[in-house]
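K.L.:
One file: upload-v7.cif (mmCIF, C-alpha atoms).
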data_query
#
loop_
_atom_site.label_atom_id
_atom_site.label_comp_id
_atom_site.auth_asym_id
_atom_site.auth_seq_id
_atom_site.Cartn_x
_atom_site.Cartn_y
_atom_site.Cartn_z
CA MET E 1 70.59 217.19 144.48
CA ALA E 2 71.60 216.27 141.00
CA ARG E 3 71.95 219.25 138.78
CA HIS E 4 72.91 218.95 135.18
CA SER E 5 74.21 221.38 132.68
CA SER E 6 76.16 221.37 129.49
CA GLU E 7 79.30 221.20 131.61
CA GLY E 8 78.30 217.74 132.71
CA ARG E 9 77.31 215.99 135.82
CA LEU E 10 77.86 217.91 139.02
CA VAL E 11 77.36 215.10 141.49
CA ARG E 12 79.33 211.99 142.10
CA PRO E 13 77.63 208.80 140.98
CA TYR E 14 77.06 207.33 144.41
CA THR E 15 75.18 210.47 145.41
CA MET E 16 72.57 209.56 142.81
CA THR E 17 72.02 206.18 144.35
CA GLY E 18 71.78 207.58 147.85
CA GLY E 19 75.03 205.90 148.76
CA ARG E 20 73.80 202.46 147.80
CA THR E 21 76.30 200.15 146.24
CA GLY E 22 74.13 197.95 144.13
CA GLN E 23 74.82 194.86 146.20
CA ASP E 24 71.26 194.75 147.50
CA VAL E 25 69.82 195.25 144.02
CA PRO E 26 68.68 192.29 141.93
CA ALA E 27 70.89 191.79 138.91
CA ILE E 28 69.31 193.33 135.86
CA ALA E 29 70.96 192.18 132.66
CA LEU E 30 72.57 194.83 130.47
CA GLU E 31 70.12 194.07 127.68
CA SER E 32 66.99 193.86 129.84
CA LEU E 33 64.35 196.16 128.43
CA ILE E 34 62.98 198.85 130.70
CA SER E 35 59.65 200.43 129.89
CA ALA E 36 57.81 203.17 131.71
CA THR E 37 54.43 202.32 133.17
CA GLU E 38 51.47 204.66 132.98
CA GLU E 39 51.92 205.34 136.65
CA GLY E 40 55.58 206.08 136.13
CA ARG E 41 54.83 208.59 133.41
CA ALA E 42 52.18 210.27 135.54
CA THR E 43 54.45 210.58 138.54
CA LYS E 44 57.66 211.30 136.65
CA HIS E 45 58.14 214.72 138.19
CA GLN E 46 58.12 213.38 141.72
CA PHE E 47 61.38 211.57 141.09
CA ARG E 48 64.90 212.84 141.17
CA TRP E 49 66.56 213.94 137.99
CA GLU E 50 68.12 210.66 136.95
CA ALA E 51 65.01 208.64 137.79
CA SER E 52 62.77 210.93 135.81
CA ARG E 53 65.19 210.72 132.90
CA VAL E 54 64.96 206.94 133.06
CA ILE E 55 61.17 207.15 132.83
CA GLU E 56 61.46 209.61 129.98
CA TYR E 57 63.96 207.56 127.96
CA ALA E 58 62.53 204.16 128.78
CA GLY E 59 59.37 204.68 126.72
CA GLN E 60 58.15 201.38 125.34
CA GLY E 61 61.34 199.52 126.06
CA THR E 62 64.96 200.59 126.25
CA ALA E 63 67.82 198.38 127.35
CA LEU E 64 69.50 199.08 130.67
CA ILE E 65 72.83 199.68 128.96
CA GLU E 66 71.22 202.08 126.51
CA LEU E 67 69.72 204.11 129.35
CA ALA E 68 73.17 204.34 130.90
CA ALA E 69 74.62 205.62 127.64
CA LEU E 70 71.79 208.05 126.91
CA ILE E 71 71.70 209.52 130.39
CA ASP E 72 75.47 209.32 130.62
CA VAL E 73 75.80 207.68 134.00
CA PRO E 74 77.55 204.42 134.83
CA ILE E 75 75.65 201.17 134.36
CA GLY E 76 75.74 200.34 138.07
CA VAL E 77 74.04 203.59 138.95
CA ILE E 78 71.31 203.06 136.37
CA ARG E 79 70.80 199.56 137.71
CA VAL E 80 70.08 200.88 141.20
CA VAL E 81 67.78 203.62 139.91
CA VAL E 82 65.85 201.19 137.69
CA ALA E 83 65.46 198.66 140.50
CA ASP E 84 64.01 201.37 142.74
CA LEU E 85 61.63 202.54 140.04
CA ALA E 86 60.52 198.97 139.39
CA GLN E 87 59.81 198.49 143.07
CA ARG E 88 57.57 201.55 142.99
CA GLY E 89 55.79 200.36 139.86
CA ALA E 90 57.10 203.22 137.74
CA VAL E 91 58.89 200.96 135.25
CA GLU E 92 58.61 197.38 134.08
CA ILE E 93 61.58 195.19 133.31
CA VAL E 94 61.47 192.65 130.52
CA ASP E 95 64.30 190.36 131.32
CA SER E 96 66.57 189.04 128.67
CA VAL E 97 66.46 185.45 127.65
CA GLY E 98 69.72 185.12 129.52
CA GLY E 99 68.05 185.89 132.77
CA MET E 100 65.48 183.22 132.03
CA SER E 101 67.66 180.67 130.35
CA THR E 102 67.72 178.35 133.31
CA ASP E 103 63.98 177.92 133.31
CA LEU E 104 63.44 178.45 129.61
CA ASP E 105 62.74 175.04 128.19
CA ALA E 106 64.64 173.74 125.21
CA VAL E 107 61.70 173.97 122.83
CA ALA E 108 61.02 177.60 123.73
CA TYR E 109 64.69 178.38 123.24
CA THR E 110 64.99 176.75 119.84
CA ASP E 111 61.78 178.51 118.78
CA LEU E 112 63.30 181.79 119.87
CA LEU E 113 66.51 181.11 117.92
CA LYS E 114 64.47 180.26 114.82
CA LYS E 115 62.70 183.61 115.13
CA VAL E 116 66.02 185.40 115.53
CA LEU E 117 67.38 183.63 112.44
CA ASP E 118 64.31 184.55 110.46
CA GLY E 119 64.62 188.11 111.73
CA ILE E 120 68.26 188.42 110.67
CA ARG E 121 67.48 186.95 107.26
CA SER E 122 64.72 189.52 106.71
CA LEU E 123 66.84 192.53 107.59
CA MET H 124 57.67 183.22 128.05
CA ALA H 125 55.54 186.13 129.16
CA SER H 126 55.67 187.66 125.70
CA GLU H 127 53.97 184.62 124.26
CA ALA H 128 51.46 184.29 127.05
CA SER H 129 49.96 187.74 126.58
CA ASN H 130 48.26 189.12 123.50
CA LYS H 131 49.95 192.45 123.86
CA PRO H 132 53.02 192.53 121.63
CA ARG H 133 56.05 192.66 123.85
CA GLN H 134 59.65 193.17 123.05
CA THR H 135 62.13 190.47 123.88
CA PRO H 136 65.80 191.34 124.12
CA VAL H 137 68.46 188.96 122.86
CA LYS H 138 72.17 189.53 122.57
CA ILE H 139 75.29 188.53 120.73
CA VAL H 140 78.77 189.33 121.96
CA VAL H 141 81.44 190.62 119.61
CA ALA H 142 84.89 189.83 120.97
CA GLY H 143 88.44 190.06 119.77
CA GLY H 144 91.60 191.97 120.39
CA PHE H 145 91.93 195.70 120.77
CA GLY H 146 91.48 197.49 117.45
CA VAL H 147 90.35 194.43 115.50
CA GLY H 148 87.17 196.16 114.32
CA LYS H 149 84.53 195.21 116.88
CA THR H 150 82.87 198.61 116.93
CA THR H 151 83.04 198.79 113.14
CA PHE H 152 81.32 195.40 112.96
CA VAL H 153 78.59 196.52 115.35
CA GLY H 154 78.17 199.86 113.58
CA ALA H 155 77.82 198.24 110.15
CA ILE H 156 74.46 196.73 111.07
CA SER H 157 73.21 198.61 114.12
CA GLU H 158 70.16 200.80 113.62
CA ILE H 159 71.68 203.31 116.02
CA GLU H 160 75.15 204.75 116.02
CA PRO H 161 77.06 202.46 118.37
CA LEU H 162 76.71 203.86 121.86
CA ARG H 163 79.26 203.72 124.61
CA SER H 164 78.33 202.92 128.13
CA GLU H 165 80.54 202.91 131.16
CA ALA H 166 80.73 200.72 134.20
CA LEU H 167 82.60 201.65 137.31
CA ILE H 168 84.83 198.93 138.60
CA THR H 169 87.16 198.57 141.48
CA GLN H 170 90.73 197.95 140.45
CA ALA H 171 91.21 194.97 142.72
CA SER H 172 87.78 193.48 142.33
CA ALA H 173 86.41 190.89 140.02
CA GLY H 174 82.97 192.39 140.42
CA VAL H 175 81.43 194.50 137.76
CA ASP H 176 79.20 197.33 138.70
CA GLU H 177 79.47 196.76 142.38
CA LEU H 178 79.85 200.42 143.05
CA PHE H 179 82.33 201.31 145.69
CA GLU H 180 81.89 198.12 147.61
CA ASN H 181 84.73 199.35 149.71
CA GLY H 182 85.15 203.08 149.77
CA SER H 183 88.91 202.85 150.00
CA LYS H 184 89.42 200.99 146.74
CA THR H 185 90.43 202.82 143.65
CA THR H 186 87.81 202.79 140.97
CA THR H 187 88.15 202.99 137.27
CA THR H 188 85.75 202.87 134.39
CA VAL H 189 85.43 200.38 131.60
CA ALA H 190 83.69 201.30 128.39
CA MET H 191 81.52 199.01 126.31
CA ASP H 192 80.26 199.77 122.86
CA PHE H 193 76.97 198.35 121.76
CA GLY H 194 74.41 198.54 119.01
CA ARG H 195 70.80 197.55 118.49
CA ILE H 196 68.87 195.85 115.71
CA SER H 197 65.10 195.55 115.86
CA LEU H 198 63.98 192.27 114.33
CA LYS H 199 60.52 190.99 113.50
CA ASP H 200 58.21 189.59 116.15
CA GLY H 201 59.24 192.12 118.78
CA LEU H 202 62.78 190.80 119.06
CA VAL H 203 65.48 193.31 119.80
CA LEU H 204 69.00 192.12 119.15
CA TYR H 205 71.77 193.85 121.06
CA LEU H 206 75.36 193.53 119.92
CA PHE H 207 77.94 194.04 122.63
CA GLY H 208 81.56 194.73 121.90
CA THR H 209 83.80 193.40 124.63
CA PRO H 210 86.25 195.81 126.20
CA GLY H 211 89.49 195.27 124.34
CA GLN H 212 92.05 195.58 127.07
CA ASP H 213 93.13 192.39 128.80
CA ARG H 214 92.59 193.77 132.25
CA PHE H 215 88.87 193.92 131.62
CA HIS H 216 88.41 190.26 130.77
CA PHE H 217 86.45 189.63 133.94
CA MET H 218 83.64 191.71 132.44
CA TRP H 219 83.11 189.12 129.76
CA HIS H 220 81.14 186.91 132.13
CA GLU H 221 78.43 189.46 132.46
CA LEU H 222 78.41 190.09 128.72
CA ALA H 223 78.34 186.39 127.87
CA LYS H 224 75.65 185.44 130.34
CA GLY H 225 72.58 184.54 128.34
CA ALA H 226 74.08 185.54 125.01
CA ILE H 227 72.96 183.56 121.96
CA GLY H 228 76.60 183.32 121.07
CA ALA H 229 79.75 185.22 120.30
CA VAL H 230 81.64 186.38 117.26
CA VAL H 231 85.40 186.32 117.75
CA LEU H 232 86.87 188.80 115.32
CA VAL H 233 90.36 188.03 114.13
CA ASP H 234 93.04 190.05 112.46
CA THR H 235 95.37 187.47 110.88
CA ARG H 236 98.34 189.78 111.40
CA ARG H 237 97.73 189.61 115.15
CA LEU H 238 96.23 186.20 115.73
CA ASP H 239 97.37 186.05 119.33
CA ALA H 240 95.10 188.98 120.20
CA CYS H 241 92.08 186.67 120.01
CA PHE H 242 93.44 183.75 122.03
CA ALA H 243 91.88 185.00 125.26
CA ALA H 244 88.45 185.28 123.66
CA VAL H 245 88.62 181.81 122.10
CA ASP H 246 89.70 180.30 125.43
CA PHE H 247 86.99 182.10 127.29
CA PHE H 248 84.08 181.02 125.09
CA GLU H 249 85.39 177.46 124.81
CA GLN H 250 85.60 177.11 128.57
CA ARG H 251 82.23 178.71 129.07
CA ASP H 252 80.70 176.55 126.35
CA THR H 253 79.21 179.58 124.66
CA PRO H 254 78.50 179.02 120.95
CA PHE H 255 81.07 181.09 119.10
CA MET H 256 82.46 181.44 115.63
CA VAL H 257 85.75 182.76 114.38
CA VAL H 258 85.51 185.58 111.88
CA VAL H 259 88.50 186.85 109.95
CA ASN H 260 88.13 190.55 109.36
CA THR H 261 89.17 191.21 105.78
CA PHE H 262 89.24 194.98 106.11
CA ASP H 263 92.59 195.14 104.38
CA GLY H 264 91.07 193.31 101.44
CA ARG H 265 93.67 190.56 101.50
CA LEU H 266 92.94 186.95 102.18
CA ASN H 267 96.40 185.79 103.07
CA HIS H 268 95.30 182.87 105.14
CA SER H 269 92.86 180.10 104.47
CA LEU H 270 90.22 179.63 107.12
CA GLU H 271 91.56 176.17 107.79
CA ASP H 272 95.02 177.64 108.44
CA VAL H 273 93.45 180.01 110.94
CA ARG H 274 91.50 177.18 112.54
CA GLU H 275 94.68 175.22 112.95
CA ALA H 276 96.61 178.17 114.32
CA LEU H 277 93.89 178.86 116.87
CA ASN H 278 93.36 175.19 117.60
CA VAL H 279 89.57 175.43 117.56
CA SER H 280 87.36 172.38 117.10
CA PRO H 281 86.22 171.38 113.63
CA GLU H 282 82.57 172.18 114.39
CA VAL H 283 83.25 175.84 115.19
CA PRO H 284 82.13 177.88 112.15
CA MET H 285 84.76 180.02 110.46
CA ALA H 286 84.09 182.87 108.05
CA TYR H 287 85.59 185.87 106.34
CA CYS H 288 83.85 189.17 106.89
CA ASP H 289 84.53 192.76 105.98
CA ALA H 290 83.39 194.37 109.21
CA ARG H 291 82.50 197.55 107.35
CA VAL H 292 80.01 195.83 105.07
CA ARG H 293 76.50 195.38 106.34
CA VAL H 294 75.66 192.29 104.32
CA ASP H 295 78.84 190.58 105.49
CA VAL H 296 77.96 191.29 109.09
CA GLN H 297 74.39 190.14 108.53
CA SER H 298 75.59 186.88 107.04
CA THR H 299 78.02 186.36 109.92
CA LEU H 300 75.30 186.86 112.51
CA TYR H 301 73.08 184.48 110.58
CA GLN H 302 75.73 181.78 110.62
CA LEU H 303 76.33 182.24 114.33
CA VAL H 304 72.65 181.96 115.25
CA GLU H 305 72.30 178.97 112.94
CA TYR H 306 75.17 177.30 114.77
CA ALA H 307 73.66 178.17 118.16
CA LEU H 308 70.35 176.69 116.99
CA LEU H 309 72.07 173.52 115.81
CA ARG H 310 73.70 173.14 119.19
CA ALA H 311 70.44 173.81 121.00
CA LEU H 312 68.72 171.16 118.88
CA GLN H 313 71.48 168.75 119.84
CA GLY H 314 70.62 169.41 123.44
CA ILE H 315 73.70 171.33 124.48
CA PRO H 316 72.55 173.48 127.39
CA VAL H 317 72.13 177.20 127.01
CA SER H 318 75.08 178.98 128.54
#
Would you encode the structure as structure tokens?
P.N.:
Amino acid sequence: MARHSSEGRLVRPYTMTGGRTGQDVPAIALESLISATEEGRATKHQFRWEASRVIEYAGQGTALIELAALIDVPIGVIRVVVADLAQRGAVEIVDSVGGMSTDLDAVAYTDLLKKVLDGIRSL
Amino acid sequence: MASEASNKPRQTPVKIVVAGGFGVGKTTFVGAISEIEPLRSEALITQASAGVDELFENGSKTTTTVAMDFGRISLKDGLVLYLFGTPGQDRFHFMWHELAKGAIGAVVLVDTRRLDACFAAVDFFEQRDTPFMVVVNTFDGRLNHSLEDVREALNVSPEVPMAYCDARVRVDVQSTLYQLVEYALLRALQGIPVS
């Protein structure tokens, strides 16, 4: 069982994923936003430490890579944990544009870039 | 996109890659505009493998970690822009594919005293057809080289935007990102496929 203390993580990363390697997990982009569902928040305590931390940190939308940094576990581990949580309906994944780029039509993409430009200008 | 189909405001992540040689100021660049202190995240990789994040695909391989620094900027309309610094060391170049996939574009930061340090990044984004721009970090305050000299030295096409930027200065970074996205938009309008 994962135990954490100020001395750091006491389990090896693959223990957290139940020995899974990530090869059977759908690719989740580093910048994909993870948000906790109502169900996830309600059932948070039924999950293992790292999964409940994901639900806690995910909130309204936190990137996969940010969860890895905040919880201080490798990205691959977080990817497995997030995929499991998504399968159980505890989190939702908003994919990045990158993940959608193949089916994102050109007009939608240029509209998105215009919004990004406008957003950067207004910073 | 789902975010436009529903009435509920949803966040949409987008990303820009910040590349360049080791110590050229990538994390400084990210930190100058990020709303969070740049965070560091680690991926476990197998020494022999080209796969990122495939944890222990073979238990006997040696694993190592590669660190990536990143920052976040919340924009209007629910857009969240992530800036990813590429790992500086050459042996981690294979990670760039994952970073570049779906990126709006890339900033290649250049230190004119060590131009060769950015060759790998320029080659990579050219081959991948990712919109990129070359940005000369002026952190030493000297502009010893004209941008056209740098363009020639790097042998990049005339349409690739070039700019000076003090990576410590927020408005410089903002203007750089603006130029990059403008260039990416121009290319998208010309019908060059999204990478």
K.L.:
I'd like to know which of H:Lys224, H:Arg274, H:Arg310, H:Arg236 is closest to chain E, using all atoms listed in the file.
P.N.:
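The closest residue to chain E is H:Lys224.
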K.L.:
Do you know which residues lie at most 10 Å from (72.0, 180.3, 119.2), with coordinates as in the file and all atoms listed in the file counted, and could you write them as a PyMOL selection string?
P.N.:
(chain E and resi 109-110+112-114+116-117) or (chain H and resi 138-139+226-229+253-255+300-312+317-318)
K.L.:
List the neighbours of H:Val189 out to 7 Å using all atoms listed in the file; skip same-chain residues closer than 6 positions along the sequence, and give me the result as a list in words.
P.N.:
Glu165, Ala166 and Leu167 of chain H
K.L.:
Which one of H:Val294, H:Val257, H:Val283, H:Val245 sits closest to chain E if you count all atoms listed in the file?
P.N.:
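Ranking H:Val294, H:Val257, H:Val283, H:Val245 by distance to chain E, first place goes to H:Val294.
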K.L.:
Could you write out as number ranges by chain the residues that the PyMOL selection byres ((chain E and resi 68) around 12) matches in the shown file?
P.N.:
E: 13, 30-31, 34, 50-51, 53-54, 57-58, 62-67, 69-82; H: 162-167, 190-193
K.L.:
So what does the PyMOL selection byres ((chain E and resi 93) around 10) actually pick up in this one, as an mmCIF file with C-alpha atoms, keeping the file's coordinate frame?
P.N.:
data_model
loop_
_atom_site.group_PDB
_atom_site.id
_atom_site.type_symbol
_atom_site.label_atom_id
_atom_site.label_comp_id
_atom_site.auth_asym_id
_atom_site.auth_seq_id
_atom_site.Cartn_x
_atom_site.Cartn_y
_atom_site.Cartn_z
ATOM 1 C CA ILE E 28 69.310 193.330 135.860
ATOM 2 C CA ALA E 29 70.960 192.180 132.660
ATOM 3 C CA SER E 32 66.990 193.860 129.840
ATOM 4 C CA LEU E 33 64.350 196.160 128.430
ATOM 5 C CA ILE E 34 62.980 198.850 130.700
ATOM 6 C CA SER E 35 59.650 200.430 129.890
ATOM 7 C CA ALA E 36 57.810 203.170 131.710
ATOM 8 C CA GLY E 61 61.340 199.520 126.060
ATOM 9 C CA THR E 62 64.960 200.590 126.250
ATOM 10 C CA ALA E 63 67.820 198.380 127.350
ATOM 11 C CA LEU E 64 69.500 199.080 130.670
ATOM 12 C CA VAL E 82 65.850 201.190 137.690
ATOM 13 C CA ALA E 83 65.460 198.660 140.500
ATOM 14 C CA LEU E 85 61.630 202.540 140.040
ATOM 15 C CA ALA E 86 60.520 198.970 139.390
ATOM 16 C CA VAL E 91 58.890 200.960 135.250
ATOM 17 C CA GLU E 92 58.610 197.380 134.080
ATOM 18 C CA VAL E 94 61.470 192.650 130.520
ATOM 19 C CA ASP E 95 64.300 190.360 131.320
ATOM 20 C CA SER E 96 66.570 189.040 128.670
#
K.L.:
When the PyMOL selection byres ((chain H and resi 219) around 10) is applied to the file above, which residues end up in the set, as a ChimeraX atom specification?
P.N.:
/H:140,142,175,208-210,215-218,220-224,244,247-248
K.L.:
May I ask for the distance between atom CA of E:Ala106 and atom CA of H:Gln134, given in Å to one decimal place?
P.N.:
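Separation of atom CA of E:Ala106 and atom CA of H:Gln134: 20.2 Å.
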K.L.:
Please return the centre and edge lengths, in Å to one decimal, of a box with edges along x, y and z that contains all listed atoms of stretch 137-153 of chain H, widened by 4 Å on every side, as AutoDock Vina command-line options.
P.N.:
--center_x 80.2 --center_y 193.7 --center_z 117.9 --size_x 31.5 --size_y 18.3 --size_z 17.9
K.L.:
Have a look at atom CA of E:Ser52 and atom CA of E:Ala90 and let me know their distance in Å, one decimal.
P.N.:
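Atom-to-atom, atom CA of E:Ser52 to atom CA of E:Ala90, that is 9.8 Å.
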K.L.:
Quick one: residues within 10 Å of (61.0, 190.1, 119.9) (file frame), counting all atoms listed in the file, please, as a PDB file with C-alpha atoms, in the coordinates of the input.
P.N.:
ATOM      1  CA  LEU E 112      63.300 181.790 119.870  1.00  0.00           C
ATOM      2  CA  LYS E 115      62.700 183.610 115.130  1.00  0.00           C
ATOM      3  CA  VAL E 116      66.020 185.400 115.530  1.00  0.00           C
ATOM      4  CA  GLY E 119      64.620 188.110 111.730  1.00  0.00           C
TER       5      GLY E 119
ATOM      6  CA  SER H 126      55.670 187.660 125.700  1.00  0.00           C
ATOM      7  CA  GLU H 127      53.970 184.620 124.260  1.00  0.00           C
ATOM      8  CA  PRO H 132      53.020 192.530 121.630  1.00  0.00           C
ATOM      9  CA  ARG H 133      56.050 192.660 123.850  1.00  0.00           C
ATOM     10  CA  GLN H 134      59.650 193.170 123.050  1.00  0.00           C
ATOM     11  CA  THR H 135      62.130 190.470 123.880  1.00  0.00           C
ATOM     12  CA  PRO H 136      65.800 191.340 124.120  1.00  0.00           C
ATOM     13  CA  VAL H 137      68.460 188.960 122.860  1.00  0.00           C
ATOM     14  CA  SER H 197      65.100 195.550 115.860  1.00  0.00           C
ATOM     15  CA  LEU H 198      63.980 192.270 114.330  1.00  0.00           C
ATOM     16  CA  LYS H 199      60.520 190.990 113.500  1.00  0.00           C
ATOM     17  CA  ASP H 200      58.210 189.590 116.150  1.00  0.00           C
ATOM     18  CA  GLY H 201      59.240 192.120 118.780  1.00  0.00           C
ATOM     19  CA  LEU H 202      62.780 190.800 119.060  1.00  0.00           C
ATOM     20  CA  VAL H 203      65.480 193.310 119.800  1.00  0.00           C
ATOM     21  CA  LEU H 204      69.000 192.120 119.150  1.00  0.00           C
TER      22      LEU H 204
END
K.L.:
Work out how far atom CA of H:Gln297 is from atom CA of H:Phe262, in Å to one decimal.
P.N.:
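About the pair atom CA of H:Phe262 and atom CA of H:Gln297: they are 15.8 Å apart.
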K.L.:
Would you mind telling me which residue in E:Asp118, E:Glu39, E:Asp84, E:Glu56 lies nearest to chain H when using all atoms listed in the file?
P.N.:
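Counting all atoms listed in the file, the residue closest to chain H is E:Asp118.
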K.L.:
Kindly indicate which residue among E:Ala27, E:Ile55, E:Ala42, E:Ile120 lies nearest to chain H, using all atoms listed in the file for the distances.
P.N.:
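Going through E:Ala27, E:Ile55, E:Ala42, E:Ile120 one by one, the smallest distance to chain H is for E:Ile120.
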K.L.:
When distances are computed from all atoms listed in the file, which of H:Pro161, H:Gly154, H:Gly144, H:Pro281 shows the smallest separation from chain E?
P.N.:
H:Pro161
K.L.:
Quick one: of H:Val141, H:Gln250, H:Lys149, H:Thr188, who's nearest to chain E, counting only C-alpha atoms?
P.N.:
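Closest residue, counting only C-alpha atoms: H:Thr188.
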